[in-house]
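Text of work.cif, listed as mmCIF, C-alpha atoms and all ligand atoms:
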data_structure
loop_
_atom_site.label_atom_id
_atom_site.label_comp_id
_atom_site.auth_asym_id
_atom_site.auth_seq_id
_atom_site.Cartn_x
_atom_site.Cartn_y
_atom_site.Cartn_z
CA MET A 1 37.06 -1.62 13.53
CA SER A 2 37.33 -5.07 11.99
CA ILE A 3 39.93 -7.11 10.17
CA LEU A 4 39.11 -9.69 7.53
CA SER A 5 41.93 -12.16 6.97
CA THR A 6 42.58 -15.34 5.03
CA GLN A 7 44.86 -18.21 6.01
CA GLN A 8 46.18 -20.36 3.17
CA LEU A 9 42.90 -19.73 1.36
CA VAL A 10 42.34 -21.43 -1.99
CA VAL A 11 38.98 -20.52 -3.49
CA ASP A 12 36.87 -23.28 -4.98
CA VAL A 13 36.75 -22.39 -8.67
CA PRO A 14 35.13 -25.33 -10.50
CA ASN A 15 37.45 -27.40 -12.71
CA ARG A 16 40.57 -25.64 -11.42
CA PRO A 17 43.08 -27.91 -9.73
CA GLY A 18 44.48 -25.42 -7.18
CA GLY A 19 46.07 -22.05 -6.90
CA THR A 20 48.27 -19.75 -4.86
CA PRO A 21 47.14 -19.91 -1.22
CA LEU A 22 46.00 -16.42 -0.18
CA ASN A 23 47.27 -15.01 3.12
CA LEU A 24 45.61 -11.63 3.22
CA ALA A 25 44.94 -9.18 6.04
CA ILE A 26 42.45 -6.52 5.04
CA GLN A 27 43.03 -3.73 7.48
CA PRO A 28 40.76 -0.83 8.48
CA GLY A 29 41.38 2.14 6.21
CA GLN A 30 42.46 0.06 3.22
CA VAL A 31 40.90 -0.05 -0.23
CA TRP A 32 41.71 -3.30 -2.06
CA GLY A 33 41.20 -3.72 -5.78
CA VAL A 34 40.82 -7.31 -7.05
CA LEU A 35 41.81 -7.48 -10.71
CA GLY A 36 42.07 -10.23 -13.29
CA PRO A 37 40.63 -11.41 -16.58
CA ASN A 38 37.12 -12.86 -17.00
CA GLY A 39 36.76 -16.15 -15.16
CA ALA A 40 39.86 -15.65 -12.98
CA GLY A 41 37.75 -16.10 -9.85
CA LYS A 42 37.15 -12.56 -8.57
CA THR A 43 33.46 -13.06 -7.78
CA THR A 44 34.14 -16.52 -6.35
CA LEU A 45 36.73 -14.97 -4.03
CA LEU A 46 34.32 -12.25 -2.90
CA HIS A 47 31.63 -14.84 -2.12
CA THR A 48 34.19 -16.91 -0.21
CA LEU A 49 35.30 -13.86 1.81
CA ALA A 50 31.64 -13.28 2.68
CA GLY A 51 31.20 -16.87 3.85
CA LEU A 52 28.67 -17.59 1.10
CA ARG A 53 30.85 -20.22 -0.54
CA ALA A 54 33.10 -22.79 1.12
CA PRO A 55 36.81 -22.55 0.30
CA ARG A 56 38.62 -25.40 -1.46
CA SER A 57 41.11 -25.22 1.42
CA GLY A 58 42.26 -22.76 4.07
CA SER A 59 40.02 -20.36 5.98
CA VAL A 60 38.61 -16.86 6.33
CA HIS A 61 38.63 -15.10 9.71
CA LEU A 62 36.68 -12.08 10.86
CA ASN A 63 38.50 -10.46 13.77
CA LYS A 64 40.37 -13.71 14.43
CA THR A 65 37.14 -15.77 14.56
CA PRO A 66 36.67 -18.33 11.77
CA LEU A 67 33.84 -17.14 9.53
CA VAL A 68 32.31 -20.64 9.59
CA SER A 69 31.73 -20.40 13.35
CA LEU A 70 29.76 -17.13 13.08
CA ARG A 71 26.03 -16.86 12.45
CA ARG A 72 24.93 -15.00 9.28
CA ARG A 73 23.44 -12.20 11.38
CA GLN A 74 26.75 -11.66 13.22
CA ILE A 75 28.58 -11.52 9.91
CA ALA A 76 26.03 -9.11 8.44
CA GLN A 77 26.53 -6.70 11.34
CA ILE A 78 30.15 -6.28 10.23
CA LEU A 79 30.34 -7.15 6.57
CA GLY A 80 28.29 -5.75 3.66
CA ILE A 81 28.17 -7.10 0.12
CA VAL A 82 27.22 -5.50 -3.17
CA PHE A 83 26.68 -8.32 -5.66
CA GLN A 84 27.25 -8.08 -9.38
CA GLU A 85 24.01 -9.89 -10.19
CA ARG A 86 20.82 -9.25 -8.27
CA MET A 87 17.46 -10.99 -8.20
CA ASP A 88 14.79 -8.44 -7.37
CA SER A 89 12.17 -11.13 -6.91
CA PHE A 90 9.91 -9.33 -4.40
CA PRO A 91 8.09 -6.15 -5.40
CA ALA A 92 9.73 -3.57 -3.13
CA THR A 93 10.22 0.17 -3.25
CA VAL A 94 13.62 1.83 -3.23
CA LEU A 95 13.19 2.92 0.40
CA GLU A 96 12.02 -0.55 1.51
CA THR A 97 15.05 -2.05 -0.22
CA ALA A 98 17.50 0.33 1.44
CA LEU A 99 15.93 -0.49 4.82
CA ILE A 100 16.99 -4.13 4.36
CA GLY A 101 20.41 -2.78 5.36
CA ARG A 102 19.10 -2.40 8.93
CA HIS A 103 17.74 -5.96 9.21
CA PRO A 104 20.93 -7.46 10.72
CA PHE A 105 20.39 -5.12 13.67
CA LEU A 106 16.67 -5.85 14.23
CA SER A 107 15.07 -8.83 15.96
CA ALA A 108 12.69 -11.07 13.99
CA TRP A 109 9.48 -9.06 14.48
CA GLN A 110 10.99 -5.67 15.24
CA ARG A 111 9.92 -2.83 12.94
CA GLU A 112 12.44 -0.33 11.62
CA SER A 113 12.73 2.75 13.87
CA SER A 114 12.73 6.37 12.78
CA ALA A 115 16.54 6.25 13.16
CA ASP A 116 16.63 3.34 10.69
CA TYR A 117 14.48 5.32 8.24
CA ALA A 118 16.78 8.32 8.67
CA LEU A 119 19.86 6.19 7.85
CA ALA A 120 18.18 4.78 4.74
CA GLU A 121 17.03 8.21 3.55
CA GLN A 122 20.51 9.67 4.09
CA ALA A 123 22.08 6.79 2.16
CA LEU A 124 19.66 7.20 -0.75
CA ALA A 125 20.37 10.94 -0.82
CA ARG A 126 24.13 10.21 -0.78
CA LEU A 127 23.67 7.95 -3.82
CA ASP A 128 21.62 10.66 -5.55
CA ILE A 129 18.39 8.63 -5.69
CA ALA A 130 16.30 10.17 -2.90
CA SER A 131 13.76 11.28 -5.52
CA LEU A 132 13.09 7.60 -6.35
CA ASN A 133 12.24 6.49 -2.77
CA GLU A 134 8.69 5.38 -3.59
CA ARG A 135 9.47 3.74 -6.94
CA LEU A 136 9.44 -0.05 -7.33
CA VAL A 137 13.01 -1.27 -7.80
CA SER A 138 11.81 -3.37 -10.75
CA THR A 139 11.05 -0.15 -12.67
CA LEU A 140 14.55 1.35 -12.28
CA SER A 141 17.33 1.62 -14.83
CA GLY A 142 20.50 -0.47 -14.43
CA GLY A 143 22.50 2.43 -12.98
CA GLU A 144 19.68 3.39 -10.61
CA ARG A 145 19.47 -0.21 -9.35
CA GLN A 146 23.22 -0.26 -8.82
CA ARG A 147 22.94 2.87 -6.69
CA VAL A 148 20.09 1.32 -4.66
CA ALA A 149 22.32 -1.70 -3.96
CA LEU A 150 25.12 0.61 -2.79
CA ALA A 151 22.68 2.69 -0.71
CA THR A 152 21.43 -0.51 0.97
CA VAL A 153 24.95 -1.36 2.12
CA LEU A 154 25.56 2.25 3.13
CA THR A 155 22.40 1.95 5.29
CA GLN A 156 23.89 -1.23 6.79
CA ALA A 157 27.06 0.78 7.60
CA PRO A 158 29.38 -2.24 7.72
CA ALA A 159 33.01 -2.08 8.86
CA ILE A 160 33.96 -4.12 5.78
CA TRP A 161 32.57 -3.57 2.29
CA LEU A 162 32.83 -6.33 -0.34
CA VAL A 163 31.80 -4.88 -3.69
CA ASP A 164 31.65 -6.67 -7.03
CA GLU A 165 32.18 -4.08 -9.76
CA PRO A 166 30.96 -0.96 -7.90
CA THR A 167 30.69 1.12 -11.07
CA ASN A 168 28.62 -1.41 -13.05
CA HIS A 169 26.03 0.45 -15.17
CA LEU A 170 27.08 3.85 -13.81
CA ASP A 171 27.69 6.94 -15.91
CA LEU A 172 31.02 8.75 -15.50
CA ARG A 173 29.87 11.21 -12.88
CA HIS A 174 28.32 8.50 -10.73
CA GLN A 175 31.36 6.24 -11.22
CA SER A 176 33.52 8.95 -9.77
CA ALA A 177 31.06 9.68 -6.95
CA VAL A 178 30.84 6.00 -5.98
CA MET A 179 34.61 5.56 -5.94
CA ALA A 180 34.87 8.69 -3.79
CA LEU A 181 32.27 7.17 -1.45
CA MET A 182 34.37 3.99 -1.15
CA ALA A 183 37.45 6.11 -0.36
CA GLU A 184 35.43 8.05 2.20
CA GLN A 185 34.36 4.81 3.87
CA ALA A 186 38.00 3.73 4.12
CA ALA A 187 39.07 7.14 5.42
CA SER A 188 36.57 6.71 8.26
CA GLY A 189 38.31 3.46 9.33
CA ARG A 190 36.28 0.93 7.37
CA SER A 191 37.78 -1.33 4.72
CA VAL A 192 36.74 -1.92 1.15
CA VAL A 193 37.47 -4.85 -1.16
CA MET A 194 36.24 -4.42 -4.71
CA CYS A 195 36.48 -6.36 -7.94
CA LEU A 196 37.27 -4.07 -10.83
CA HIS A 197 37.81 -4.35 -14.55
CA ASP A 198 38.79 -0.71 -14.92
CA LEU A 199 42.54 -0.46 -14.26
CA ASN A 200 42.30 3.31 -14.20
CA LEU A 201 39.80 3.34 -11.36
CA ALA A 202 42.04 0.90 -9.48
CA ALA A 203 45.08 3.11 -10.11
CA ARG A 204 43.30 6.17 -8.79
CA TRP A 205 41.33 4.77 -5.86
CA CYS A 206 42.85 1.53 -4.52
CA ASP A 207 45.91 1.33 -2.27
CA GLN A 208 46.25 -2.47 -2.19
CA ILE A 209 45.92 -4.71 -5.23
CA LEU A 210 45.20 -8.43 -5.56
CA LEU A 211 45.81 -9.90 -9.00
CA LEU A 212 44.09 -13.18 -9.87
CA TYR A 213 45.36 -15.21 -12.81
CA PRO A 214 43.21 -17.68 -14.80
CA ASN A 215 45.35 -20.64 -13.64
CA GLY A 216 44.73 -19.80 -9.98
CA GLU A 217 47.99 -18.01 -9.33
CA ALA A 218 47.76 -14.74 -7.40
CA ARG A 219 49.90 -11.77 -6.44
CA TRP A 220 49.10 -9.03 -3.97
CA GLY A 221 50.71 -5.92 -2.57
CA PRO A 222 50.79 -2.15 -2.81
CA ARG A 223 49.39 -0.47 -5.92
CA SER A 224 52.74 1.02 -6.93
CA GLU A 225 54.30 -2.46 -7.28
CA LEU A 226 51.52 -4.19 -9.20
CA LEU A 227 49.88 -1.57 -11.39
CA VAL A 228 52.73 -1.44 -13.90
CA THR A 229 52.65 -2.57 -17.52
CA ASP A 230 55.25 -5.34 -16.99
CA VAL A 231 52.84 -7.00 -14.54
CA LEU A 232 49.51 -6.11 -16.17
CA GLU A 233 50.29 -7.05 -19.78
CA PRO A 234 50.84 -10.76 -19.02
CA LEU A 235 47.87 -10.75 -16.63
CA TYR A 236 45.45 -9.68 -19.35
CA ASN A 237 47.48 -10.95 -22.31
CA GLN A 238 47.07 -7.45 -23.70
CA ARG A 239 49.58 -4.78 -24.67
CA LEU A 240 49.08 -1.53 -22.78
CA ALA A 241 50.20 2.06 -23.17
CA VAL A 242 50.46 4.14 -20.02
CA ALA A 243 50.55 7.86 -19.31
CA GLU A 244 50.25 9.89 -16.15
CA ILE A 245 47.19 12.09 -15.99
CA ASP A 246 46.09 14.12 -12.99
CA GLY A 247 48.67 12.39 -10.78
CA ALA A 248 47.69 8.77 -11.56
CA PRO A 249 48.68 6.28 -14.26
CA VAL A 250 46.16 5.79 -17.05
CA PHE A 251 46.33 2.50 -18.98
CA VAL A 252 45.07 2.18 -22.53
CA PRO A 253 44.92 -1.13 -24.45
CA VAL A 254 47.04 -1.05 -27.60
CA HIS A 255 45.55 -2.81 -30.59
CA GLN A 256 47.92 -5.45 -31.98
CA ARG A 257 47.70 -5.65 -35.75
CA ALA A 258 48.13 -9.12 -37.25
N1 LIG B 1 28.37 -22.92 -10.50
C1 LIG B 1 29.38 -22.99 -11.36
N2 LIG B 1 29.55 -24.07 -12.15
C2 LIG B 1 30.59 -24.16 -13.02
N3 LIG B 1 31.52 -23.20 -13.15
C3 LIG B 1 31.39 -22.10 -12.39
C4 LIG B 1 30.34 -21.94 -11.45
N4 LIG B 1 30.50 -20.74 -10.83
C5 LIG B 1 31.61 -20.18 -11.38
N5 LIG B 1 32.14 -20.99 -12.31
C6 LIG B 1 33.35 -20.74 -13.10
O1 LIG B 1 34.38 -20.34 -12.22
C7 LIG B 1 35.23 -19.39 -12.87
C8 LIG B 1 35.38 -18.16 -12.00
O2 LIG B 1 34.15 -17.43 -12.03
P1 LIG B 1 34.04 -15.97 -11.38
O3 LIG B 1 32.64 -15.50 -11.59
O4 LIG B 1 34.55 -16.02 -9.99
O5 LIG B 1 35.07 -15.15 -12.29
P2 LIG B 1 35.33 -13.59 -12.37
O6 LIG B 1 36.81 -13.40 -12.27
O7 LIG B 1 34.49 -12.87 -11.38
O8 LIG B 1 34.85 -13.29 -13.86
P3 LIG B 1 34.22 -11.98 -14.57
O9 LIG B 1 35.37 -11.01 -14.76
O10 LIG B 1 33.76 -12.53 -15.89
O11 LIG B 1 33.12 -11.45 -13.72
C9 LIG B 1 34.60 -19.12 -14.23
O12 LIG B 1 35.30 -19.86 -15.22
C10 LIG B 1 33.18 -19.61 -14.09
O13 LIG B 1 32.66 -20.06 -15.32
#

Please render this file's structure as structure tokens.
Amino acid sequence: MSILSTQQLVVDVPNRPGGTPLNLAIQPGQVWGVLGPNGAGKTTLLHTLAGLRAPRSGSVHLNKTPLVSLRRRQIAQILGIVFQERMDSFPATVLETALIGRHPFLSAWQRESSADYALAEQALARLDIASLNERLVSTLSGGERQRVALATVLTQAPAIWLVDEPTNHLDLRHQSAVMALMAEQAASGRSVVMCLHDLNLAARWCDQILLLYPNGEARWGPRSELLVTDVLEPLYNQRLAVAEIDGAPVFVPVHQRA
């Protein structure tokens, strides 16, 4: 399995002078939650970890090789990304879209094999959208599109998942199912890094936490050290109440009256 690491990484957030250099090692089996207020740089970090955006300084390594020295295809054989925003510019069906997950493993003119189709169909069934296989993605609801994006990466079967808001647009049952899928991926020796706004999903499903502050500062470590009100209230500039439910902390914003 693969290790994604950063050495003195400062992400290039426009108009921000600097930030805490990140020295992270994302190990197989780990689920990382990246948390922070709007604009803190979560998406920018994810794009930098994927090699889609150059860092301000420092570097990202995939299995000790600098990401910049790898070809996109080599990266895509190991690392899968679920973006927050998607441009579905080509008319494609759900099944055709999921099959894109196999493209890093095919040569330029090679057609998908029956094994590739089987992987895509299994992934779509796992995301509960097998009945939509023939539908054009452009006709799907927001939650259905989100599940197609996740099924495409599941078809890719990467060792490292980078996921921007995995539960975007999903109803409660599918939120829970997708987080369980991420945990399952980690349990099978893969690693998952996901940006989250929902502290309660992070508290239940992530074991490592990275907090990004609007001024570029960062803290990271085990969930038990960082998902506490003393740390989270200043991060979000928001008072929180906390209770334990079903074995995990649940955070609720407390309205401050003027
Ligand atoms: N191309 C760009 N030009 C100017 N500013 C940009 C550009 N891309 C990102 N930014 C700014 O960089 C900052 C970090 O953006 P980013 O999308 O990484 O934040 P985020 O933590 O993911 O936010 P959110 O929680 O709202 O999704 C934001 O202030 C954003 O406006």

As an exercise, work out the distance from atom CA of A:Trp205 to atom CA of A:Leu24 in Å and give it to one decimal place.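 Separation between atom CA of A:Trp205 and atom CA of A:Leu24: 19.2 Å.
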
With only C-alpha atoms and all ligand atoms as the basis for distance, which of A:Arg190, A:Arg239, A:Arg102, A:Lys42 is at the shortest distance from ligand LIG 1 (chain B)? A:Lys42

Which neighbours of A:Ile209 fall inside 7 Å, counting only C-alpha atoms, when residues of the same chain fewer than 5 positions from it are skipped, and could you give them as a VMD selection string? chain A and resid 32 to 34 220 to 223 226

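Pairwise distance (atom CA of A:Leu62, atom CA of A:His47) equals 14.2 Å.
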
If you count all atoms listed in the file, the residue of A:Leu170, A:Val192, A:Ile129, A:Leu140 closest to A:Val82 turns out to be A:Val192

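For the residues A:Arg72, A:Arg147, A:Arg219, A:Arg135, ranking by smallest atom-to-atom distance to A:Asn168 using all atoms listed in the file places A:Arg147 first.
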
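Residue nearest A:Leu35, chosen from A:Phe105, A:Tyr213, A:Phe83, A:Phe251 and counting only C-alpha atoms: A:Tyr213.
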